[in-house]
>>> print(open('structure.cif').read())   # mmCIF, N, CA and C atoms
data_work
loop_
_atom_site.label_atom_id
_atom_site.label_comp_id
_atom_site.auth_asym_id
_atom_site.auth_seq_id
_atom_site.Cartn_x
_atom_site.Cartn_y
_atom_site.Cartn_z
N VAL G 1 -0.33 3.37 -14.16
CA VAL G 1 0.02 2.64 -12.95
C VAL G 1 0.74 1.35 -13.31
N VAL G 2 0.32 0.70 -14.42
CA VAL G 2 0.98 -0.54 -14.82
C VAL G 2 2.46 -0.28 -15.08
N LYS G 3 2.77 0.81 -15.77
CA LYS G 3 4.16 1.16 -16.03
C LYS G 3 4.92 1.34 -14.72
N LEU G 4 4.29 2.00 -13.77
CA LEU G 4 4.93 2.23 -12.48
C LEU G 4 5.10 0.93 -11.71
N ARG G 5 4.09 0.02 -11.82
CA ARG G 5 4.18 -1.27 -11.13
C ARG G 5 5.36 -2.06 -11.66
N LEU G 6 5.62 -1.97 -12.95
CA LEU G 6 6.71 -2.72 -13.54
C LEU G 6 8.06 -2.28 -13.00
N SER G 7 8.14 -1.03 -12.58
CA SER G 7 9.41 -0.55 -12.05
C SER G 7 9.75 -1.18 -10.70
N GLY G 8 8.74 -1.75 -10.04
CA GLY G 8 8.98 -2.39 -8.75
C GLY G 8 8.87 -1.43 -7.59
N ASP G 9 9.07 -0.15 -7.85
CA ASP G 9 8.98 0.83 -6.77
C ASP G 9 7.58 0.89 -6.20
N TYR G 10 6.58 0.59 -7.02
CA TYR G 10 5.19 0.66 -6.59
C TYR G 10 4.93 -0.31 -5.44
N LEU G 11 5.75 -1.34 -5.33
CA LEU G 11 5.57 -2.34 -4.29
C LEU G 11 6.11 -1.89 -2.94
N GLN G 12 6.84 -0.80 -2.90
CA GLN G 12 7.34 -0.28 -1.64
C GLN G 12 6.15 0.15 -0.79
N THR G 13 6.15 -0.27 0.47
CA THR G 13 4.99 0.03 1.31
C THR G 13 4.77 1.52 1.52
N SER G 14 5.82 2.30 1.46
CA SER G 14 5.66 3.74 1.67
C SER G 14 5.82 4.52 0.37
N ALA G 15 5.71 3.86 -0.77
CA ALA G 15 5.84 4.56 -2.05
C ALA G 15 4.65 5.48 -2.28
N MET G 16 4.93 6.58 -2.98
CA MET G 16 3.89 7.54 -3.34
C MET G 16 4.04 7.86 -4.81
N ILE G 17 2.94 8.20 -5.46
CA ILE G 17 3.01 8.66 -6.84
C ILE G 17 2.92 10.17 -6.81
N ARG G 18 3.94 10.83 -7.32
CA ARG G 18 3.99 12.28 -7.37
C ARG G 18 4.34 12.70 -8.79
N ASP G 19 3.46 13.48 -9.42
CA ASP G 19 3.68 13.96 -10.79
C ASP G 19 3.96 12.80 -11.74
N GLY G 20 3.23 11.68 -11.58
CA GLY G 20 3.37 10.54 -12.47
C GLY G 20 4.64 9.74 -12.24
N ARG G 21 5.33 9.97 -11.15
CA ARG G 21 6.59 9.30 -10.84
C ARG G 21 6.50 8.68 -9.46
N ILE G 22 7.05 7.48 -9.29
CA ILE G 22 7.06 6.83 -7.99
C ILE G 22 8.17 7.42 -7.14
N VAL G 23 7.85 7.77 -5.91
CA VAL G 23 8.85 8.22 -4.95
C VAL G 23 8.85 7.19 -3.82
N SER G 24 9.98 6.54 -3.64
CA SER G 24 10.08 5.50 -2.60
C SER G 24 11.51 5.45 -2.10
N ALA G 25 11.75 4.56 -1.16
CA ALA G 25 13.10 4.39 -0.63
C ALA G 25 14.07 3.90 -1.69
N VAL G 26 13.55 3.31 -2.77
CA VAL G 26 14.42 2.82 -3.84
C VAL G 26 15.05 3.96 -4.61
N ASN G 27 14.23 4.96 -4.98
CA ASN G 27 14.77 6.03 -5.82
C ASN G 27 14.92 7.37 -5.10
N ASP G 28 14.54 7.42 -3.84
CA ASP G 28 14.68 8.64 -3.04
C ASP G 28 15.07 8.23 -1.63
N PRO G 29 16.31 7.75 -1.47
CA PRO G 29 16.71 7.19 -0.17
C PRO G 29 16.66 8.21 0.97
N ASN G 30 16.43 7.70 2.15
CA ASN G 30 16.38 8.50 3.35
C ASN G 30 17.80 8.98 3.67
N ASP G 31 17.96 10.27 3.87
CA ASP G 31 19.29 10.80 4.21
C ASP G 31 19.34 11.23 5.68
N TYR G 32 18.56 10.55 6.50
CA TYR G 32 18.51 10.85 7.93
C TYR G 32 19.89 10.65 8.56
N LEU G 33 20.36 11.64 9.29
CA LEU G 33 21.69 11.58 9.90
C LEU G 33 21.65 11.69 11.42
N GLY G 34 20.52 11.38 12.01
CA GLY G 34 20.41 11.44 13.46
C GLY G 34 19.41 12.48 13.90
N PRO G 35 19.23 12.63 15.21
CA PRO G 35 18.24 13.56 15.75
C PRO G 35 18.41 14.97 15.20
N GLY G 36 17.30 15.55 14.80
CA GLY G 36 17.33 16.92 14.29
C GLY G 36 17.64 17.04 12.81
N SER G 37 17.95 15.93 12.13
CA SER G 37 18.32 16.02 10.72
C SER G 37 17.22 15.54 9.78
N GLY G 38 16.12 15.05 10.33
CA GLY G 38 15.03 14.54 9.50
C GLY G 38 14.04 15.62 9.12
N TYR G 39 12.97 15.20 8.49
CA TYR G 39 11.92 16.10 8.05
C TYR G 39 11.24 16.75 9.25
N ARG G 40 11.00 18.04 9.16
CA ARG G 40 10.30 18.78 10.21
C ARG G 40 8.99 19.31 9.63
N VAL G 41 7.89 18.95 10.26
CA VAL G 41 6.58 19.40 9.81
C VAL G 41 6.40 20.86 10.20
N SER G 42 5.99 21.67 9.22
CA SER G 42 5.72 23.08 9.52
C SER G 42 4.45 23.16 10.36
N GLU G 43 4.26 24.27 11.04
CA GLU G 43 3.06 24.44 11.86
C GLU G 43 1.81 24.39 11.00
N GLU G 44 1.86 25.00 9.81
CA GLU G 44 0.71 24.97 8.90
C GLU G 44 0.37 23.52 8.51
N ARG G 45 1.40 22.74 8.16
CA ARG G 45 1.17 21.35 7.77
C ARG G 45 0.69 20.52 8.95
N ARG G 46 1.20 20.80 10.15
CA ARG G 46 0.76 20.08 11.34
C ARG G 46 -0.73 20.29 11.58
N LEU G 47 -1.21 21.52 11.38
CA LEU G 47 -2.64 21.81 11.54
C LEU G 47 -3.47 21.07 10.49
N GLN G 48 -2.95 20.99 9.25
CA GLN G 48 -3.65 20.24 8.20
C GLN G 48 -3.74 18.77 8.58
N LEU G 49 -2.65 18.20 9.07
CA LEU G 49 -2.64 16.79 9.45
C LEU G 49 -3.58 16.53 10.63
N ASN G 50 -3.61 17.45 11.58
CA ASN G 50 -4.51 17.29 12.72
C ASN G 50 -5.97 17.28 12.30
N ASP G 51 -6.29 18.04 11.24
CA ASP G 51 -7.67 18.07 10.75
C ASP G 51 -8.09 16.76 10.09
N ILE G 52 -7.13 15.95 9.67
CA ILE G 52 -7.43 14.67 9.01
C ILE G 52 -7.89 13.63 10.01
N ARG G 53 -7.37 13.69 11.22
CA ARG G 53 -7.69 12.67 12.22
C ARG G 53 -9.19 12.51 12.42
N ASP G 54 -9.60 11.29 12.55
CA ASP G 54 -10.98 10.93 12.84
C ASP G 54 -11.97 11.32 11.74
N VAL G 55 -11.48 11.63 10.54
CA VAL G 55 -12.39 11.92 9.44
C VAL G 55 -13.12 10.63 9.05
N LEU G 56 -12.39 9.53 8.98
CA LEU G 56 -12.98 8.22 8.71
C LEU G 56 -12.73 7.32 9.90
N ASP G 57 -13.76 6.71 10.38
CA ASP G 57 -13.55 5.74 11.45
C ASP G 57 -13.61 4.33 10.86
N GLN G 58 -13.33 3.35 11.67
CA GLN G 58 -13.29 1.97 11.22
C GLN G 58 -14.61 1.54 10.58
N LYS G 59 -15.71 1.91 11.21
CA LYS G 59 -17.02 1.52 10.68
C LYS G 59 -17.25 2.09 9.28
N GLU G 60 -16.86 3.34 9.06
CA GLU G 60 -17.03 3.96 7.75
C GLU G 60 -16.16 3.27 6.70
N VAL G 61 -14.94 2.96 7.05
CA VAL G 61 -14.04 2.27 6.11
C VAL G 61 -14.61 0.91 5.74
N LEU G 62 -15.04 0.13 6.73
CA LEU G 62 -15.58 -1.20 6.46
C LEU G 62 -16.89 -1.13 5.68
N ARG G 63 -17.70 -0.13 5.95
CA ARG G 63 -18.95 0.06 5.21
C ARG G 63 -18.64 0.35 3.74
N SER G 64 -17.66 1.20 3.50
CA SER G 64 -17.25 1.53 2.14
C SER G 64 -16.66 0.32 1.43
N GLU G 65 -15.83 -0.43 2.12
CA GLU G 65 -15.20 -1.61 1.52
C GLU G 65 -16.22 -2.70 1.19
N ALA G 66 -17.27 -2.80 2.00
CA ALA G 66 -18.29 -3.82 1.77
C ALA G 66 -18.99 -3.64 0.42
N LEU G 67 -18.98 -2.42 -0.11
CA LEU G 67 -19.58 -2.16 -1.41
C LEU G 67 -18.84 -2.89 -2.53
N HIS G 68 -17.59 -3.26 -2.30
CA HIS G 68 -16.75 -3.89 -3.32
C HIS G 68 -16.63 -5.41 -3.12
N GLU G 69 -17.23 -5.92 -2.08
CA GLU G 69 -17.05 -7.33 -1.71
C GLU G 69 -17.51 -8.28 -2.82
N LYS G 70 -18.70 -8.11 -3.33
CA LYS G 70 -19.23 -9.05 -4.34
C LYS G 70 -18.40 -9.03 -5.61
N ASP G 71 -18.04 -7.84 -6.06
CA ASP G 71 -17.24 -7.73 -7.29
C ASP G 71 -15.87 -8.38 -7.11
N GLU G 72 -15.23 -8.11 -6.00
CA GLU G 72 -13.89 -8.67 -5.77
C GLU G 72 -13.93 -10.17 -5.52
N ALA G 73 -15.04 -10.68 -4.97
CA ALA G 73 -15.15 -12.12 -4.72
C ALA G 73 -15.03 -12.91 -6.02
N ARG G 74 -15.41 -12.29 -7.13
CA ARG G 74 -15.28 -12.96 -8.44
C ARG G 74 -13.83 -12.99 -8.92
N HIS G 75 -12.98 -12.13 -8.40
CA HIS G 75 -11.60 -12.03 -8.88
C HIS G 75 -10.57 -12.65 -7.95
N ILE G 76 -10.93 -12.87 -6.70
CA ILE G 76 -9.97 -13.38 -5.72
C ILE G 76 -10.15 -14.88 -5.57
N ARG G 77 -9.06 -15.61 -5.72
CA ARG G 77 -9.08 -17.06 -5.52
C ARG G 77 -7.93 -17.43 -4.59
N TYR G 78 -8.26 -18.12 -3.52
CA TYR G 78 -7.24 -18.55 -2.58
C TYR G 78 -6.90 -20.01 -2.83
N ARG G 79 -5.63 -20.31 -2.75
CA ARG G 79 -5.19 -21.70 -2.87
C ARG G 79 -4.14 -21.95 -1.80
N ASN G 80 -4.20 -23.09 -1.17
CA ASN G 80 -3.20 -23.46 -0.19
C ASN G 80 -2.02 -24.07 -0.95
N LEU G 81 -0.90 -23.39 -0.92
CA LEU G 81 0.29 -23.88 -1.62
C LEU G 81 1.30 -24.49 -0.66
N GLY G 82 0.92 -24.60 0.60
CA GLY G 82 1.82 -25.18 1.58
C GLY G 82 2.73 -24.12 2.19
N PRO G 83 3.67 -24.56 3.00
CA PRO G 83 4.58 -23.62 3.66
C PRO G 83 5.45 -22.87 2.65
N ALA G 84 5.77 -21.64 2.97
CA ALA G 84 6.67 -20.85 2.12
C ALA G 84 8.08 -21.41 2.22
N THR G 85 8.75 -21.44 1.10
CA THR G 85 10.14 -21.92 1.07
C THR G 85 10.98 -20.92 0.30
N ASN G 86 12.28 -21.00 0.47
CA ASN G 86 13.18 -20.16 -0.31
C ASN G 86 13.12 -20.58 -1.77
N GLY G 87 13.04 -19.59 -2.65
CA GLY G 87 13.03 -19.88 -4.08
C GLY G 87 14.45 -20.05 -4.60
N PRO G 88 14.59 -20.54 -5.84
CA PRO G 88 15.92 -20.77 -6.40
C PRO G 88 16.64 -19.49 -6.81
N ALA G 89 15.89 -18.40 -7.03
CA ALA G 89 16.51 -17.16 -7.50
C ALA G 89 16.91 -16.28 -6.32
N ASN G 90 17.99 -15.53 -6.51
CA ASN G 90 18.45 -14.61 -5.47
C ASN G 90 17.68 -13.29 -5.48
N ASP G 91 16.90 -13.05 -6.52
CA ASP G 91 16.17 -11.79 -6.62
C ASP G 91 14.66 -11.97 -6.41
N ASP G 92 14.28 -12.98 -5.63
CA ASP G 92 12.87 -13.17 -5.31
C ASP G 92 12.32 -11.95 -4.58
N VAL G 93 11.05 -11.67 -4.78
CA VAL G 93 10.39 -10.55 -4.13
C VAL G 93 9.31 -11.11 -3.21
N VAL G 94 9.25 -10.58 -2.00
CA VAL G 94 8.23 -10.99 -1.05
C VAL G 94 7.23 -9.84 -0.92
N ILE G 95 5.95 -10.16 -1.03
CA ILE G 95 4.90 -9.16 -0.90
C ILE G 95 4.06 -9.52 0.32
N GLY G 96 4.01 -8.63 1.28
CA GLY G 96 3.18 -8.84 2.46
C GLY G 96 1.77 -8.33 2.20
N ILE G 97 0.79 -9.09 2.60
CA ILE G 97 -0.61 -8.73 2.38
C ILE G 97 -1.31 -8.64 3.74
N SER G 98 -2.19 -7.70 3.86
CA SER G 98 -2.98 -7.56 5.08
C SER G 98 -3.77 -8.83 5.34
N PRO G 99 -3.88 -9.25 6.60
CA PRO G 99 -4.72 -10.40 6.91
C PRO G 99 -6.18 -10.18 6.51
N ALA G 100 -6.58 -8.93 6.35
CA ALA G 100 -7.96 -8.62 5.96
C ALA G 100 -8.17 -8.66 4.45
N PHE G 101 -7.12 -8.89 3.68
CA PHE G 101 -7.22 -8.92 2.22
C PHE G 101 -8.27 -9.93 1.77
N GLY G 102 -9.24 -9.45 1.03
CA GLY G 102 -10.27 -10.32 0.50
C GLY G 102 -11.31 -10.75 1.51
N LEU G 103 -11.15 -10.34 2.74
CA LEU G 103 -12.12 -10.69 3.78
C LEU G 103 -12.87 -9.46 4.28
N LYS G 104 -12.17 -8.36 4.44
CA LYS G 104 -12.77 -7.11 4.89
C LYS G 104 -12.34 -5.93 4.02
N LEU G 105 -11.14 -6.03 3.43
CA LEU G 105 -10.60 -4.95 2.60
C LEU G 105 -10.46 -5.43 1.17
N TYR G 106 -10.86 -4.59 0.22
CA TYR G 106 -10.89 -4.99 -1.18
C TYR G 106 -10.20 -4.00 -2.10
N ARG G 107 -9.74 -2.89 -1.56
CA ARG G 107 -9.05 -1.88 -2.36
C ARG G 107 -7.82 -1.39 -1.60
N THR G 108 -6.86 -0.88 -2.35
CA THR G 108 -5.69 -0.26 -1.72
C THR G 108 -6.10 1.10 -1.18
N THR G 109 -5.24 1.73 -0.42
CA THR G 109 -5.56 3.06 0.10
C THR G 109 -5.68 4.07 -1.04
N ALA G 110 -5.11 3.76 -2.20
CA ALA G 110 -5.23 4.64 -3.37
C ALA G 110 -6.48 4.33 -4.19
N GLY G 111 -7.25 3.30 -3.79
CA GLY G 111 -8.50 2.97 -4.47
C GLY G 111 -8.39 1.91 -5.54
N HIS G 112 -7.22 1.29 -5.71
CA HIS G 112 -7.05 0.22 -6.70
C HIS G 112 -7.60 -1.09 -6.15
N ARG G 113 -8.20 -1.89 -7.02
CA ARG G 113 -8.67 -3.20 -6.61
C ARG G 113 -7.47 -4.06 -6.22
N LEU G 114 -7.53 -4.70 -5.06
CA LEU G 114 -6.42 -5.53 -4.61
C LEU G 114 -6.16 -6.68 -5.58
N SER G 115 -7.20 -7.22 -6.17
CA SER G 115 -7.01 -8.33 -7.12
C SER G 115 -6.21 -7.87 -8.34
N GLU G 116 -6.31 -6.61 -8.72
CA GLU G 116 -5.53 -6.10 -9.85
C GLU G 116 -4.09 -5.82 -9.46
N VAL G 117 -3.90 -5.32 -8.25
CA VAL G 117 -2.55 -4.99 -7.80
C VAL G 117 -1.70 -6.25 -7.69
N LEU G 118 -2.29 -7.32 -7.19
CA LEU G 118 -1.54 -8.56 -7.01
C LEU G 118 -1.69 -9.51 -8.19
N GLY G 119 -2.57 -9.20 -9.12
CA GLY G 119 -2.84 -10.08 -10.25
C GLY G 119 -1.77 -10.08 -11.30
#
>>> encode(input="structure.cif", output="structure tokens")
Amino acid sequence: VVKLRLSGDYLQTSAMIRDGRIVSAVNDPNDYLGPGSGYRVSEERRLQLNDIRDVLDQKEVLRSEALHEKDEARHIRYRNLGPATNGPANDDVVIGISPAFGLKLYRTTAGHRLSEVLG
């Protein structure tokens, strides 16, 4: 994962790891050409996706995340650095973080500790 993180693609919000390779908008651009030209879900896949709904509810997710709270509290440190400003470099990267980071959520959807991902 560290190797993949270095590529920068891992930071894409919709990036996925497939066969040890990052697939994101950076290296697999969307070739959408208008209505009817995008991805079409097969009926079999639609039924699989429908079965996923409501498997985990909010209470279950928060209960699971609470198990990691004490451990992550040792790794997360907040500091007020003041208002965000433009940096001197043209290749600055902005990373958006959930408002629940370190307060209610402690792992990524892939199960990585948030403190490690941003560390």
>>> residues_near_point(input="structure.cif", point="(-16.0, -2.5, -0.7)", cutoff="12 Å", atoms="only C-alpha atoms", output="mmCIF file with N, CA and C atoms, in the coordinates of the input")
data_model
loop_
_atom_site.group_PDB
_atom_site.id
_atom_site.type_symbol
_atom_site.label_atom_id
_atom_site.label_comp_id
_atom_site.auth_asym_id
_atom_site.auth_seq_id
_atom_site.Cartn_x
_atom_site.Cartn_y
_atom_site.Cartn_z
ATOM 1 N N GLU G 60 -16.860 3.340 9.060
ATOM 2 C CA GLU G 60 -17.030 3.960 7.750
ATOM 3 C C GLU G 60 -16.160 3.270 6.700
ATOM 4 N N VAL G 61 -14.940 2.960 7.050
ATOM 5 C CA VAL G 61 -14.040 2.270 6.110
ATOM 6 C C VAL G 61 -14.610 0.910 5.740
ATOM 7 N N LEU G 62 -15.040 0.130 6.730
ATOM 8 C CA LEU G 62 -15.580 -1.200 6.460
ATOM 9 C C LEU G 62 -16.890 -1.130 5.680
ATOM 10 N N ARG G 63 -17.700 -0.130 5.950
ATOM 11 C CA ARG G 63 -18.950 0.060 5.210
ATOM 12 C C ARG G 63 -18.640 0.350 3.740
ATOM 13 N N SER G 64 -17.660 1.200 3.500
ATOM 14 C CA SER G 64 -17.250 1.530 2.140
ATOM 15 C C SER G 64 -16.660 0.320 1.430
ATOM 16 N N GLU G 65 -15.830 -0.430 2.120
ATOM 17 C CA GLU G 65 -15.200 -1.610 1.520
ATOM 18 C C GLU G 65 -16.220 -2.700 1.190
ATOM 19 N N ALA G 66 -17.270 -2.800 2.000
ATOM 20 C CA ALA G 66 -18.290 -3.820 1.770
ATOM 21 C C ALA G 66 -18.990 -3.640 0.420
ATOM 22 N N LEU G 67 -18.980 -2.420 -0.110
ATOM 23 C CA LEU G 67 -19.580 -2.160 -1.410
ATOM 24 C C LEU G 67 -18.840 -2.890 -2.530
ATOM 25 N N HIS G 68 -17.590 -3.260 -2.300
ATOM 26 C CA HIS G 68 -16.750 -3.890 -3.320
ATOM 27 C C HIS G 68 -16.630 -5.410 -3.120
ATOM 28 N N GLU G 69 -17.230 -5.920 -2.080
ATOM 29 C CA GLU G 69 -17.050 -7.330 -1.710
ATOM 30 C C GLU G 69 -17.510 -8.280 -2.820
ATOM 31 N N LYS G 70 -18.700 -8.110 -3.330
ATOM 32 C CA LYS G 70 -19.230 -9.050 -4.340
ATOM 33 C C LYS G 70 -18.400 -9.030 -5.610
ATOM 34 N N ASP G 71 -18.040 -7.840 -6.060
ATOM 35 C CA ASP G 71 -17.240 -7.730 -7.290
ATOM 36 C C ASP G 71 -15.870 -8.380 -7.110
ATOM 37 N N GLU G 72 -15.230 -8.110 -6.000
ATOM 38 C CA GLU G 72 -13.890 -8.670 -5.770
ATOM 39 C C GLU G 72 -13.930 -10.170 -5.520
ATOM 40 N N ALA G 73 -15.040 -10.680 -4.970
ATOM 41 C CA ALA G 73 -15.150 -12.120 -4.720
ATOM 42 C C ALA G 73 -15.030 -12.910 -6.020
ATOM 43 N N PHE G 101 -7.120 -8.890 3.680
ATOM 44 C CA PHE G 101 -7.220 -8.920 2.220
ATOM 45 C C PHE G 101 -8.270 -9.930 1.770
ATOM 46 N N GLY G 102 -9.240 -9.450 1.030
ATOM 47 C CA GLY G 102 -10.270 -10.320 0.500
ATOM 48 C C GLY G 102 -11.310 -10.750 1.510
ATOM 49 N N LEU G 103 -11.150 -10.340 2.740
ATOM 50 C CA LEU G 103 -12.120 -10.690 3.780
ATOM 51 C C LEU G 103 -12.870 -9.460 4.280
ATOM 52 N N LYS G 104 -12.170 -8.360 4.440
ATOM 53 C CA LYS G 104 -12.770 -7.110 4.890
ATOM 54 C C LYS G 104 -12.340 -5.930 4.020
ATOM 55 N N LEU G 105 -11.140 -6.030 3.430
ATOM 56 C CA LEU G 105 -10.600 -4.950 2.600
ATOM 57 C C LEU G 105 -10.460 -5.430 1.170
ATOM 58 N N TYR G 106 -10.860 -4.590 0.220
ATOM 59 C CA TYR G 106 -10.890 -4.990 -1.180
ATOM 60 C C TYR G 106 -10.200 -4.000 -2.100
ATOM 61 N N ARG G 107 -9.740 -2.890 -1.560
ATOM 62 C CA ARG G 107 -9.050 -1.880 -2.360
ATOM 63 C C ARG G 107 -7.820 -1.390 -1.600
ATOM 64 N N THR G 108 -6.860 -0.880 -2.350
ATOM 65 C CA THR G 108 -5.690 -0.260 -1.720
ATOM 66 C C THR G 108 -6.100 1.100 -1.180
ATOM 67 N N THR G 109 -5.240 1.730 -0.420
ATOM 68 C CA THR G 109 -5.560 3.060 0.100
ATOM 69 C C THR G 109 -5.680 4.070 -1.040
ATOM 70 N N GLY G 111 -7.250 3.300 -3.790
ATOM 71 C CA GLY G 111 -8.500 2.970 -4.470
ATOM 72 C C GLY G 111 -8.390 1.910 -5.540
ATOM 73 N N HIS G 112 -7.220 1.290 -5.710
ATOM 74 C CA HIS G 112 -7.050 0.220 -6.700
ATOM 75 C C HIS G 112 -7.600 -1.090 -6.150
ATOM 76 N N ARG G 113 -8.200 -1.890 -7.020
ATOM 77 C CA ARG G 113 -8.670 -3.200 -6.610
ATOM 78 C C ARG G 113 -7.470 -4.060 -6.220
ATOM 79 N N LEU G 114 -7.530 -4.700 -5.060
ATOM 80 C CA LEU G 114 -6.420 -5.530 -4.610
ATOM 81 C C LEU G 114 -6.160 -6.680 -5.580
#
>>> atom_distance(input="structure.cif", atom1="CA of Asn27 in chain G", atom2="CA of Glu116 in chain G")
24.0 Å
>>> atom_distance(input="structure.cif", atom1="CA of Arg18 in chain G", atom2="CA of Val117 in chain G")
18.5 Å
